[in-house]
$ cat run.cif   # mmCIF, C-alpha atoms and all ligand atoms
data_upload
#
loop_
_atom_site.group_PDB
_atom_site.id
_atom_site.type_symbol
_atom_site.label_atom_id
_atom_site.label_comp_id
_atom_site.auth_asym_id
_atom_site.auth_seq_id
_atom_site.Cartn_x
_atom_site.Cartn_y
_atom_site.Cartn_z
ATOM 1 C CA MET A 1 -3.972 5.350 19.376
ATOM 2 C CA ALA A 2 -0.258 6.227 19.686
ATOM 3 C CA ASN A 3 2.235 8.134 17.492
ATOM 4 C CA GLY A 4 -0.288 10.378 15.770
ATOM 5 C CA GLN A 5 -2.305 7.364 14.668
ATOM 6 C CA LEU A 6 -6.077 7.793 14.617
ATOM 7 C CA SER A 7 -8.745 5.136 14.812
ATOM 8 C CA ARG A 8 -11.408 5.097 12.090
ATOM 9 C CA ALA A 9 -13.914 6.811 14.403
ATOM 10 C CA GLU A 10 -11.422 9.443 15.602
ATOM 11 C CA ALA A 11 -10.507 10.278 12.012
ATOM 12 C CA LEU A 12 -14.145 10.645 10.934
ATOM 13 C CA ALA A 13 -14.824 13.051 13.824
ATOM 14 C CA PHE A 14 -12.617 15.705 12.154
ATOM 15 C CA SER A 15 -14.564 18.085 9.934
ATOM 16 C CA GLY A 16 -13.219 19.876 6.891
ATOM 17 C CA TYR A 17 -10.852 17.104 5.849
ATOM 18 C CA ARG A 18 -10.639 15.008 2.716
ATOM 19 C CA HIS A 19 -10.160 11.301 3.309
ATOM 20 C CA ALA A 20 -8.176 8.807 1.231
ATOM 21 C CA CYS A 21 -8.074 5.023 1.767
ATOM 22 C CA HIS A 22 -5.388 2.572 0.642
ATOM 23 C CA VAL A 23 -4.998 -1.169 1.233
ATOM 24 C CA MET A 24 -2.194 -3.699 1.436
ATOM 25 C CA LEU A 25 -3.380 -6.897 -0.271
ATOM 26 C CA TYR A 26 -1.232 -9.914 0.522
ATOM 27 C CA SER A 27 -1.135 -13.703 0.577
ATOM 28 C CA ASP A 28 1.040 -16.572 1.675
ATOM 29 C CA THR A 29 2.976 -18.487 -0.982
ATOM 30 C CA LYS A 30 5.049 -21.649 -1.037
ATOM 31 C CA SER A 31 6.893 -20.665 -4.219
ATOM 32 C CA LEU A 32 10.665 -20.364 -4.333
ATOM 33 C CA LEU A 33 12.952 -17.889 -6.094
ATOM 34 C CA PHE A 34 15.532 -19.741 -8.241
ATOM 35 C CA GLY A 35 14.156 -22.954 -6.753
ATOM 36 C CA ARG A 36 15.678 -22.271 -3.331
ATOM 37 C CA THR A 37 14.801 -18.909 -1.735
ATOM 38 C CA PRO A 38 11.340 -18.948 -0.102
ATOM 39 C CA ILE A 39 9.255 -15.985 -1.274
ATOM 40 C CA LYS A 40 6.932 -16.576 1.719
ATOM 41 C CA HIS A 41 4.391 -13.816 1.037
ATOM 42 C CA VAL A 42 3.092 -11.914 -1.939
ATOM 43 C CA ILE A 43 2.494 -8.245 -1.115
ATOM 44 C CA LEU A 44 1.034 -5.958 -3.777
ATOM 45 C CA MET A 45 2.062 -2.347 -4.297
ATOM 46 C CA GLN A 46 1.771 -0.188 -7.377
ATOM 47 C CA MET A 47 3.967 2.053 -9.495
ATOM 48 C CA ARG A 48 1.942 5.259 -9.649
ATOM 49 C CA PHE A 49 1.689 7.744 -12.532
ATOM 50 C CA ASP A 50 4.073 10.049 -10.620
ATOM 51 C CA GLY A 51 6.805 7.388 -10.459
ATOM 52 C CA LEU A 52 6.262 6.767 -6.751
ATOM 53 C CA LEU A 53 5.428 3.433 -5.155
ATOM 54 C CA GLY A 54 2.198 3.259 -3.138
ATOM 55 C CA PHE A 55 -0.726 1.070 -2.229
ATOM 56 C CA PRO A 56 -3.895 0.777 -4.339
ATOM 57 C CA GLY A 57 -6.767 3.031 -3.267
ATOM 58 C CA GLY A 58 -7.547 6.739 -3.411
ATOM 59 C CA PHE A 59 -9.754 9.659 -2.452
ATOM 60 C CA VAL A 60 -13.187 8.966 -0.972
ATOM 61 C CA ASN A 61 -16.203 11.064 -2.060
ATOM 62 C CA GLN A 62 -17.543 11.525 1.435
ATOM 63 C CA SER A 63 -20.895 12.980 0.424
ATOM 64 C CA GLN A 64 -21.684 9.846 -1.591
ATOM 65 C CA GLU A 65 -19.927 6.852 -0.087
ATOM 66 C CA SER A 66 -18.489 5.332 3.093
ATOM 67 C CA LEU A 67 -14.715 4.984 3.486
ATOM 68 C CA GLU A 68 -14.898 1.311 2.572
ATOM 69 C CA ALA A 69 -17.230 1.872 -0.396
ATOM 70 C CA GLY A 70 -14.833 4.547 -1.665
ATOM 71 C CA LEU A 71 -11.888 2.203 -1.253
ATOM 72 C CA CYS A 72 -13.716 -0.563 -3.136
ATOM 73 C CA ARG A 73 -14.582 1.863 -5.963
ATOM 74 C CA GLU A 74 -10.918 2.866 -6.224
ATOM 75 C CA LEU A 75 -9.881 -0.807 -6.256
ATOM 76 C CA GLN A 76 -12.362 -1.458 -9.064
ATOM 77 C CA GLU A 77 -10.854 1.466 -11.047
ATOM 78 C CA GLU A 78 -7.191 0.703 -10.341
ATOM 79 C CA LEU A 79 -7.210 -3.112 -10.168
ATOM 80 C CA GLY A 80 -10.265 -4.056 -12.225
ATOM 81 C CA VAL A 81 -11.655 -6.363 -9.538
ATOM 82 C CA ALA A 82 -14.470 -6.225 -6.973
ATOM 83 C CA LEU A 83 -13.040 -6.849 -3.505
ATOM 84 C CA SER A 84 -14.898 -6.482 -0.228
ATOM 85 C CA ILE A 85 -12.957 -4.486 2.334
ATOM 86 C CA SER A 86 -14.680 -3.957 5.685
ATOM 87 C CA GLU A 87 -14.270 -1.737 8.746
ATOM 88 C CA ASP A 88 -12.547 -4.704 10.418
ATOM 89 C CA ASP A 89 -9.695 -4.401 7.894
ATOM 90 C CA HIS A 90 -8.967 -0.796 8.985
ATOM 91 C CA VAL A 91 -5.505 -0.532 10.570
ATOM 92 C CA ASP A 92 -5.050 3.166 11.278
ATOM 93 C CA ALA A 93 -5.437 6.682 9.949
ATOM 94 C CA ARG A 94 -3.246 9.748 10.158
ATOM 95 C CA HIS A 95 -3.005 13.368 9.075
ATOM 96 C CA ALA A 96 -1.020 13.684 5.849
ATOM 97 C CA PRO A 97 1.505 16.548 5.807
ATOM 98 C CA ARG A 98 0.273 19.421 3.638
ATOM 99 C CA THR A 99 2.168 19.590 0.356
ATOM 100 C CA ALA A 100 1.349 23.327 -0.061
ATOM 101 C CA PRO A 101 -0.170 25.902 2.331
ATOM 102 C CA CYS A 102 -3.311 26.092 0.166
ATOM 103 C CA SER A 103 -3.743 22.322 -0.321
ATOM 104 C CA PRO A 104 -6.785 20.758 1.372
ATOM 105 C CA ARG A 105 -6.322 18.931 4.670
ATOM 106 C CA LEU A 106 -6.094 15.183 4.150
ATOM 107 C CA ILE A 107 -6.454 12.139 6.385
ATOM 108 C CA THR A 108 -5.108 8.879 4.937
ATOM 109 C CA HIS A 109 -6.590 5.570 6.093
ATOM 110 C CA PHE A 110 -4.746 2.281 5.809
ATOM 111 C CA TYR A 111 -6.291 -1.194 5.516
ATOM 112 C CA VAL A 112 -4.808 -4.665 5.144
ATOM 113 C CA LYS A 113 -6.543 -7.674 3.621
ATOM 114 C CA LYS A 114 -5.257 -11.213 3.312
ATOM 115 C CA LEU A 115 -6.206 -13.017 0.097
ATOM 116 C CA THR A 116 -5.415 -16.431 -1.317
ATOM 117 C CA GLU A 117 -2.492 -16.677 -3.724
ATOM 118 C CA GLU A 118 -5.045 -17.447 -6.446
ATOM 119 C CA GLN A 119 -6.944 -14.204 -5.699
ATOM 120 C CA ILE A 120 -3.680 -12.227 -5.795
ATOM 121 C CA LYS A 121 -2.956 -13.653 -9.261
ATOM 122 C CA GLU A 122 -6.460 -12.643 -10.401
ATOM 123 C CA VAL A 123 -5.800 -9.101 -9.173
ATOM 124 C CA GLU A 124 -2.491 -8.988 -11.036
ATOM 125 C CA GLN A 125 -4.111 -10.212 -14.258
ATOM 126 C CA ALA A 126 -7.100 -7.869 -14.103
ATOM 127 C CA SER A 127 -4.941 -4.873 -13.166
ATOM 128 C CA ALA A 128 -2.822 -5.363 -16.280
ATOM 129 C CA SER A 129 -5.741 -5.933 -18.645
ATOM 130 C CA THR A 130 -9.250 -4.752 -17.765
ATOM 131 C CA ALA A 131 -8.555 -2.130 -15.067
ATOM 132 C CA ARG A 132 -9.727 1.316 -16.213
ATOM 133 C CA ASP A 133 -6.692 3.129 -14.773
ATOM 134 C CA HIS A 134 -4.029 0.759 -16.136
ATOM 135 C CA GLY A 135 -1.389 2.735 -18.011
ATOM 136 C CA GLN A 136 -2.918 6.009 -16.783
ATOM 137 C CA GLU A 137 -2.959 6.566 -13.009
ATOM 138 C CA VAL A 138 -1.396 3.159 -12.411
ATOM 139 C CA LEU A 139 1.674 2.086 -14.382
ATOM 140 C CA GLY A 140 1.679 -1.424 -12.949
ATOM 141 C CA MET A 141 1.358 -3.594 -9.869
ATOM 142 C CA VAL A 142 4.556 -4.856 -8.245
ATOM 143 C CA ARG A 143 5.334 -7.533 -5.655
ATOM 144 C CA VAL A 144 7.496 -6.620 -2.672
ATOM 145 C CA PRO A 145 10.609 -8.845 -2.385
ATOM 146 C CA LEU A 146 10.924 -9.910 1.265
ATOM 147 C CA TYR A 147 14.262 -11.732 0.963
ATOM 148 C CA THR A 148 17.793 -10.356 1.026
ATOM 149 C CA THR A 149 20.143 -11.645 -1.674
ATOM 150 C CA LYS A 150 23.837 -12.437 -1.114
ATOM 151 C CA ASN A 151 24.929 -9.037 -2.424
ATOM 152 C CA GLY A 152 22.436 -7.266 -0.145
ATOM 153 C CA GLY A 153 19.697 -6.717 -2.762
ATOM 154 C CA GLY A 154 16.040 -7.695 -2.574
ATOM 155 C CA LEU A 155 14.055 -5.908 0.117
ATOM 156 C CA SER A 156 16.849 -3.386 0.762
ATOM 157 C CA SER A 157 16.888 -2.272 -2.885
ATOM 158 C CA PHE A 158 13.091 -2.156 -2.985
ATOM 159 C CA LEU A 159 13.028 0.097 0.095
ATOM 160 C CA SER A 160 15.480 2.519 -1.520
ATOM 161 C CA HIS A 161 12.915 3.499 -4.182
ATOM 162 C CA ALA A 162 10.755 6.596 -3.663
ATOM 163 C CA PHE A 163 7.334 6.151 -1.995
ATOM 164 C CA ILE A 164 4.184 8.331 -1.833
ATOM 165 C CA GLY A 165 3.247 9.799 1.557
ATOM 166 C CA ASN A 166 4.042 7.378 4.370
ATOM 167 C CA ALA A 167 3.515 4.253 2.235
ATOM 168 C CA ARG A 168 7.039 3.034 3.071
ATOM 169 C CA THR A 169 6.260 3.210 6.807
ATOM 170 C CA GLN A 170 2.885 1.542 6.244
ATOM 171 C CA LEU A 171 4.723 -1.322 4.535
ATOM 172 C CA LEU A 172 7.403 -1.689 7.233
ATOM 173 C CA ASP A 173 4.877 -1.505 10.099
ATOM 174 C CA SER A 174 2.719 -4.159 8.422
ATOM 175 C CA LEU A 175 5.643 -6.526 7.859
ATOM 176 C CA LEU A 176 6.344 -6.509 11.610
ATOM 177 C CA ARG A 177 2.742 -6.401 12.891
ATOM 178 C CA LEU A 178 1.600 -9.278 10.663
ATOM 179 C CA ARG A 179 4.872 -11.162 11.264
ATOM 180 C CA LEU A 180 5.542 -11.422 7.535
ATOM 181 C CA LEU A 181 9.240 -10.822 8.228
ATOM 182 C CA ALA A 182 11.404 -11.398 11.318
ATOM 183 C CA PRO A 183 12.579 -8.123 12.927
ATOM 184 C CA GLU A 184 16.235 -9.168 12.493
ATOM 185 C CA ASP A 185 15.701 -9.748 8.759
ATOM 186 C CA LEU A 186 14.116 -6.316 8.446
ATOM 187 C CA HIS A 187 17.022 -4.711 10.289
ATOM 188 C CA LYS A 188 19.463 -6.506 7.993
ATOM 189 C CA ALA A 189 17.650 -5.168 4.929
ATOM 190 C CA LEU A 190 17.522 -1.631 6.337
ATOM 191 C CA LYS A 191 21.244 -1.747 7.159
ATOM 192 C CA HIS A 192 22.127 -2.818 3.603
ATOM 193 C CA SER A 193 19.728 -0.194 2.296
ATOM 194 C CA MET A 194 21.632 2.544 4.157
ATOM 195 C CA LYS A 195 25.041 1.140 3.169
ATOM 196 C CA THR A 196 24.136 1.133 -0.493
ATOM 197 C CA HIS A 197 22.309 4.437 -0.635
ATOM 198 C CA ALA A 198 23.740 6.685 2.091
HETATM 199 P P1 LIG B 201 -7.139 10.717 -8.382
HETATM 200 O O1 LIG B 201 -8.290 9.942 -8.887
HETATM 201 O O2 LIG B 201 -6.159 11.139 -9.435
HETATM 202 O O3 LIG B 201 -7.532 11.831 -7.500
HETATM 203 O O4 LIG B 201 -6.238 9.688 -7.486
HETATM 204 P P2 LIG B 201 -6.739 8.689 -6.368
HETATM 205 O O5 LIG B 201 -8.142 8.999 -6.003
HETATM 206 O O6 LIG B 201 -6.410 7.314 -6.796
HETATM 207 O O7 LIG B 201 -5.818 9.140 -5.134
HETATM 208 P P3 LIG B 201 -4.394 8.611 -4.673
HETATM 209 O O8 LIG B 201 -4.319 7.129 -4.695
HETATM 210 O O9 LIG B 201 -3.354 9.362 -5.377
HETATM 211 O O10 LIG B 201 -4.412 8.998 -3.107
HETATM 212 C C1 LIG B 201 -4.805 10.285 -2.678
HETATM 213 C C2 LIG B 201 -3.705 10.885 -1.821
HETATM 214 O O11 LIG B 201 -3.378 9.983 -0.769
HETATM 215 C C3 LIG B 201 -2.404 11.098 -2.585
HETATM 216 O O12 LIG B 201 -2.359 12.371 -3.170
HETATM 217 C C4 LIG B 201 -1.364 10.942 -1.524
HETATM 218 O O13 LIG B 201 -1.202 12.146 -0.808
HETATM 219 C C5 LIG B 201 -1.969 9.922 -0.600
HETATM 220 N N1 LIG B 201 -1.528 8.540 -0.906
HETATM 221 C C6 LIG B 201 -1.547 7.881 -2.074
HETATM 222 N N2 LIG B 201 -1.102 6.615 -1.954
HETATM 223 C C7 LIG B 201 -0.794 6.453 -0.661
HETATM 224 C C8 LIG B 201 -0.286 5.368 0.100
HETATM 225 O O14 LIG B 201 -0.016 4.264 -0.378
HETATM 226 N N3 LIG B 201 -0.109 5.593 1.409
HETATM 227 C C9 LIG B 201 -0.393 6.805 1.976
HETATM 228 N N4 LIG B 201 -0.190 6.958 3.283
HETATM 229 N N5 LIG B 201 -0.860 7.846 1.305
HETATM 230 C C10 LIG B 201 -1.068 7.679 0.005
HETATM 231 MN MN MN B 202 15.745 -15.853 -14.427
HETATM 232 MN MN MN B 203 -7.530 6.141 -8.214
HETATM 233 MN MN MN B 204 -4.942 5.776 -6.192
HETATM 234 MN MN MN B 205 -9.842 8.837 -7.324
HETATM 235 MN MN MN B 206 -8.800 9.016 -10.555
#
$ encode --input "run.cif" --output "structure tokens"
Amino acid sequence: MANGQLSRAEALAFSGYRHACHVMLYSDTKSLLFGRTPIKHVILMQMRFDGLLGFPGGFVNQSQESLEAGLCRELQEELGVALSISEDDHVDARHAPRTAPCSPRLITHFYVKKLTEEQIKEVEQASASTARDHGQEVLGMVRVPLYTTKNGGGLSSFLSHAFIGNARTQLLDSLLRLRLLAPEDLHKALKHSMKTHA
């Protein structure tokens, strides 16, 4: 795969690495903001304990579980729901930059899974009530605004927050690959984002 991206098999062939798996859960929606602006898609991210935005998921215990089993365990802990994520949902993997010279080498895997709007609402409810990690590792789930408001807010303001690792790139790549947003709308949001925060 290109641009430093690894397939699932390529990533697993490295020895001496820790692996972490995260997933973008999303759905279509017909609902409107203020009765007029189409929301189009619900995309779930989370506010992490460290104040950074990221996707649900976490470290895999490789001696005990497959990548997907580890991801599902993390989703159970962080969201309070049992979801089945399969190898087919794997998008890519990459080497995470080392945060300190002594920190262990890490490969982060990214998955996407389309749910129904009803399932997304169940995830939101469980994550705020029965999820073990709610209020601890996970401060709350958030939806990604895909629209741009008249004053340039919406997606552009969302993108100006701080993200963990390459979660921001994972989000932007997914919006284009899954055609959840037109490229020109993304460029508009990124332009406003730079104007407001340069
Ligand atoms: P602990 O149980 O506290 O160890 O957390 P966890 O297992 O839930 O792990 P976490 O979700 O923090 O993910 C593990 C590592 O993967 C993090 O330290 C980050 O380096 C990285 N990471 C976390 N979230 C994301 C994400 O959304 N995208 C990417 N690319 N990397 C992430
Ligand atoms: Mn209102
Ligand atoms: Mn976790
Ligand atoms: Mn996590
Ligand atoms: Mn964990
Ligand atoms: Mn944990």
$ atom_distance --input "run.cif" --atom1 "atom CA of A:Leu106" --atom2 "atom CA of A:Ala93"
10.3 Å
$ closest_atom_pairs --input "run.cif" --of "chain A" --to "ligand MN 205 (chain B)" --cutoff "9 Å" --atoms "all atoms listed in the file" --output "tab-separated table"
residue	atom	partner	partner_atom	distance
A:Ala20	CA	B:MN205	MN	8.7
A:Gly57	CA	B:MN205	MN	7.7
A:Gly58	CA	B:MN205	MN	5.0
A:Phe59	CA	B:MN205	MN	4.9
A:Val60	CA	B:MN205	MN	7.2
A:Asn61	CA	B:MN205	MN	8.6
A:Gly70	CA	B:MN205	MN	8.7
A:Arg73	CA	B:MN205	MN	8.5
A:Glu74	CA	B:MN205	MN	6.2
A:Glu77	CA	B:MN205	MN	8.3
$ write_last_selection --input "run.cif" --atoms "C-alpha atoms" --output "compact mmCIF listing (two decimals), in the coordinates of the input"
# COMPACT_ATOMS: atom_id res chain seq x y z
CA ALA A 20 -8.18 8.81 1.23
CA GLY A 57 -6.77 3.03 -3.27
CA GLY A 58 -7.55 6.74 -3.41
CA PHE A 59 -9.75 9.66 -2.45
CA VAL A 60 -13.19 8.97 -0.97
CA ASN A 61 -16.20 11.06 -2.06
CA GLY A 70 -14.83 4.55 -1.66
CA ARG A 73 -14.58 1.86 -5.96
CA GLU A 74 -10.92 2.87 -6.22
CA GLU A 77 -10.85 1.47 -11.05
$ closest_residue --input "run.cif" --among "A:Phe49, A:Phe34, A:Tyr26, A:Phe163" --to "ligand MN 206 (chain B)" --atoms "only C-alpha atoms and all ligand atoms"
A:Phe49
$ closest_residue --input "run.cif" --among "A:Leu71, A:Val112, A:Gly16, A:Pro104" --to "A:Leu175" --atoms "all atoms listed in the file"
A:Val112
$ closest_residue --input "run.cif" --among "A:Ala96, A:Lys40, A:Phe55, A:Arg8" --to "ligand MN 203 (chain B)" --atoms "all atoms listed in the file"
A:Phe55
$ residues_near_point --input "run.cif" --point "(25.1, -5.5, 4.4)" --cutoff "12 Å" --atoms "only C-alpha atoms" --output "VMD selection string"
chain A and resid 148 to 157 185 to 197
$ write_last_selection --input "run.cif" --atoms "C-alpha atoms" --output "PDB file, in the frame of the given file"
ATOM      1  CA  THR A 148      17.793 -10.356   1.026  1.00  0.00           C
ATOM      2  CA  THR A 149      20.143 -11.645  -1.674  1.00  0.00           C
ATOM      3  CA  LYS A 150      23.837 -12.437  -1.114  1.00  0.00           C
ATOM      4  CA  ASN A 151      24.929  -9.037  -2.424  1.00  0.00           C
ATOM      5  CA  GLY A 152      22.436  -7.266  -0.145  1.00  0.00           C
ATOM      6  CA  GLY A 153      19.697  -6.717  -2.762  1.00  0.00           C
ATOM      7  CA  GLY A 154      16.040  -7.695  -2.574  1.00  0.00           C
ATOM      8  CA  LEU A 155      14.055  -5.908   0.117  1.00  0.00           C
ATOM      9  CA  SER A 156      16.849  -3.386   0.762  1.00  0.00           C
ATOM     10  CA  SER A 157      16.888  -2.272  -2.885  1.00  0.00           C
ATOM     11  CA  ASP A 185      15.701  -9.748   8.759  1.00  0.00           C
ATOM     12  CA  LEU A 186      14.116  -6.316   8.446  1.00  0.00           C
ATOM     13  CA  HIS A 187      17.022  -4.711  10.289  1.00  0.00           C
ATOM     14  CA  LYS A 188      19.463  -6.506   7.993  1.00  0.00           C
ATOM     15  CA  ALA A 189      17.650  -5.168   4.929  1.00  0.00           C
ATOM     16  CA  LEU A 190      17.522  -1.631   6.337  1.00  0.00           C
ATOM     17  CA  LYS A 191      21.244  -1.747   7.159  1.00  0.00           C
ATOM     18  CA  HIS A 192      22.127  -2.818   3.603  1.00  0.00           C
ATOM     19  CA  SER A 193      19.728  -0.194   2.296  1.00  0.00           C
ATOM     20  CA  MET A 194      21.632   2.544   4.157  1.00  0.00           C
ATOM     21  CA  LYS A 195      25.041   1.140   3.169  1.00  0.00           C
ATOM     22  CA  THR A 196      24.136   1.133  -0.493  1.00  0.00           C
ATOM     23  CA  HIS A 197      22.309   4.437  -0.635  1.00  0.00           C
TER      24      HIS A 197
END
$ residues_near_ligand --input "run.cif" --ligand "ligand MN 204 (chain B)" --cutoff "12 Å" --atoms "only C-alpha atoms and all ligand atoms" --output "PDB file with C-alpha atoms, in the coordinates of the input"
ATOM      1  CA  ALA A  20      -8.176   8.807   1.231  1.00  0.00           C
ATOM      2  CA  CYS A  21      -8.074   5.023   1.767  1.00  0.00           C
ATOM      3  CA  HIS A  22      -5.388   2.572   0.642  1.00  0.00           C
ATOM      4  CA  VAL A  23      -4.998  -1.169   1.233  1.00  0.00           C
ATOM      5  CA  MET A  45       2.062  -2.347  -4.297  1.00  0.00           C
ATOM      6  CA  GLN A  46       1.771  -0.188  -7.377  1.00  0.00           C
ATOM      7  CA  MET A  47       3.967   2.053  -9.495  1.00  0.00           C
ATOM      8  CA  ARG A  48       1.942   5.259  -9.649  1.00  0.00           C
ATOM      9  CA  PHE A  49       1.689   7.744 -12.532  1.00  0.00           C
ATOM     10  CA  ASP A  50       4.073  10.049 -10.620  1.00  0.00           C
ATOM     11  CA  LEU A  52       6.262   6.767  -6.751  1.00  0.00           C
ATOM     12  CA  LEU A  53       5.428   3.433  -5.155  1.00  0.00           C
ATOM     13  CA  GLY A  54       2.198   3.259  -3.138  1.00  0.00           C
ATOM     14  CA  PHE A  55      -0.726   1.070  -2.229  1.00  0.00           C
ATOM     15  CA  PRO A  56      -3.895   0.777  -4.339  1.00  0.00           C
ATOM     16  CA  GLY A  57      -6.767   3.031  -3.267  1.00  0.00           C
ATOM     17  CA  GLY A  58      -7.547   6.739  -3.411  1.00  0.00           C
ATOM     18  CA  PHE A  59      -9.754   9.659  -2.452  1.00  0.00           C
ATOM     19  CA  VAL A  60     -13.187   8.966  -0.972  1.00  0.00           C
ATOM     20  CA  GLY A  70     -14.833   4.547  -1.665  1.00  0.00           C
ATOM     21  CA  LEU A  71     -11.888   2.203  -1.253  1.00  0.00           C
ATOM     22  CA  CYS A  72     -13.716  -0.563  -3.136  1.00  0.00           C
ATOM     23  CA  ARG A  73     -14.582   1.863  -5.963  1.00  0.00           C
ATOM     24  CA  GLU A  74     -10.918   2.866  -6.224  1.00  0.00           C
ATOM     25  CA  LEU A  75      -9.881  -0.807  -6.256  1.00  0.00           C
ATOM     26  CA  GLN A  76     -12.362  -1.458  -9.064  1.00  0.00           C
ATOM     27  CA  GLU A  77     -10.854   1.466 -11.047  1.00  0.00           C
ATOM     28  CA  GLU A  78      -7.191   0.703 -10.341  1.00  0.00           C
ATOM     29  CA  LEU A  79      -7.210  -3.112 -10.168  1.00  0.00           C
ATOM     30  CA  THR A 108      -5.108   8.879   4.937  1.00  0.00           C
ATOM     31  CA  ARG A 132      -9.727   1.316 -16.213  1.00  0.00           C
ATOM     32  CA  ASP A 133      -6.692   3.129 -14.773  1.00  0.00           C
ATOM     33  CA  HIS A 134      -4.029   0.759 -16.136  1.00  0.00           C
ATOM     34  CA  GLN A 136      -2.918   6.009 -16.783  1.00  0.00           C
ATOM     35  CA  GLU A 137      -2.959   6.566 -13.009  1.00  0.00           C
ATOM     36  CA  VAL A 138      -1.396   3.159 -12.411  1.00  0.00           C
ATOM     37  CA  LEU A 139       1.674   2.086 -14.382  1.00  0.00           C
ATOM     38  CA  GLY A 140       1.679  -1.424 -12.949  1.00  0.00           C
ATOM     39  CA  MET A 141       1.358  -3.594  -9.869  1.00  0.00           C
ATOM     40  CA  ILE A 164       4.184   8.331  -1.833  1.00  0.00           C
ATOM     41  CA  GLY A 165       3.247   9.799   1.557  1.00  0.00           C
TER      42      GLY A 165
END
$ resolve_selection --input "run.cif" --expression "the PyMOL selection byres (((chain A and resi 4) around 9) and not hetatm)" --output "ChimeraX atom specification"
/A:1-3,5-6,93-95
$ resolve_selection --input "run.cif" --expression "the PyMOL selection byres (((chain A and resi 145) around 8) and not hetatm)" --output "number ranges by chain"
A: 39, 143-144, 146-147, 154-155, 158
$ write_last_selection --input "run.cif" --atoms "C-alpha atoms" --output "PDB file, in the coordinates of the input"
ATOM      1  CA  ILE A  39       9.255 -15.985  -1.274  1.00  0.00           C
ATOM      2  CA  ARG A 143       5.334  -7.533  -5.655  1.00  0.00           C
ATOM      3  CA  VAL A 144       7.496  -6.620  -2.672  1.00  0.00           C
ATOM      4  CA  LEU A 146      10.924  -9.910   1.265  1.00  0.00           C
ATOM      5  CA  TYR A 147      14.262 -11.732   0.963  1.00  0.00           C
ATOM      6  CA  GLY A 154      16.040  -7.695  -2.574  1.00  0.00           C
ATOM      7  CA  LEU A 155      14.055  -5.908   0.117  1.00  0.00           C
ATOM      8  CA  PHE A 158      13.091  -2.156  -2.985  1.00  0.00           C
TER       9      PHE A 158
END
$ closest_residue --input "run.cif" --among "A:Asp88, A:Met24, A:Leu44, A:Tyr111" --to "A:Ser127" --atoms "all atoms listed in the file"
A:Leu44
$ atom_distance --input "run.cif" --atom1 "atom O5 of ligand LIG 201 (chain B)" --atom2 "atom CA of A:Thr169"
20.1 Å
$ resolve_selection --input "run.cif" --expression "the PyMOL selection byres (((chain A and resi 29) around 7) and not hetatm)" --output "ChimeraX atom specification"
/A:27-28,30-31,39-42,117
$ closest_residue --input "run.cif" --among "A:His109, A:Glu10, A:Ala126, A:His90" --to "ligand LIG 201 (chain B)" --atoms "only C-alpha atoms and all ligand atoms"
A:His109
$ atom_distance --input "run.cif" --atom1 "atom CA of A:Gln62" --atom2 "atom CA of A:Ala82"
19.9 Å
$ axis_aligned_box --input "run.cif" --around "stretch 23-31 of chain A" --padding-each-side "3 Å" --output "AutoDock Vina command-line options"
--center_x 0.9 --center_y -11.4 --center_z -1.3 --size_x 17.9 --size_y 26.5 --size_z 11.9
$ closest_residue --input "run.cif" --among "A:Gln119, A:Thr37, A:Ser66, A:Ser160" --to "A:His19" --atoms "all atoms listed in the file"
A:Ser66
$ decode --input "run.cif" --residues "stretch 21-41 of chain A" --atoms "C-alpha atoms" --output "PDB file, in the first residue's frame"
ATOM      1  CA  CYS A  21      -6.979  -0.756  16.665  1.00  0.00           C
ATOM      2  CA  HIS A  22      -9.524   2.051  16.302  1.00  0.00           C
ATOM      3  CA  VAL A  23     -12.761   2.261  14.309  1.00  0.00           C
ATOM      4  CA  MET A  24     -14.886   4.936  12.686  1.00  0.00           C
ATOM      5  CA  LEU A  25     -18.546   4.035  13.271  1.00  0.00           C
ATOM      6  CA  TYR A  26     -20.942   5.948  11.047  1.00  0.00           C
ATOM      7  CA  SER A  27     -24.436   5.970   9.576  1.00  0.00           C
ATOM      8  CA  ASP A  28     -26.581   7.854   7.125  1.00  0.00           C
ATOM      9  CA  THR A  29     -29.230  10.218   8.491  1.00  0.00           C
ATOM     10  CA  LYS A  30     -32.076  12.211   7.000  1.00  0.00           C
ATOM     11  CA  SER A  31     -32.230  14.633   9.934  1.00  0.00           C
ATOM     12  CA  LEU A  32     -31.789  18.364   9.474  1.00  0.00           C
ATOM     13  CA  LEU A  33     -30.013  20.980  11.585  1.00  0.00           C
ATOM     14  CA  PHE A  34     -32.382  23.884  12.395  1.00  0.00           C
ATOM     15  CA  GLY A  35     -34.895  22.201  10.096  1.00  0.00           C
ATOM     16  CA  ARG A  36     -32.924  23.070   6.957  1.00  0.00           C
ATOM     17  CA  THR A  37     -29.264  21.968   6.904  1.00  0.00           C
ATOM     18  CA  PRO A  38     -28.887  18.263   6.020  1.00  0.00           C
ATOM     19  CA  ILE A  39     -26.676  16.483   8.559  1.00  0.00           C
ATOM     20  CA  LYS A  40     -26.253  13.634   6.028  1.00  0.00           C
ATOM     21  CA  HIS A  41     -24.076  11.310   8.126  1.00  0.00           C
TER      22      HIS A  41
END
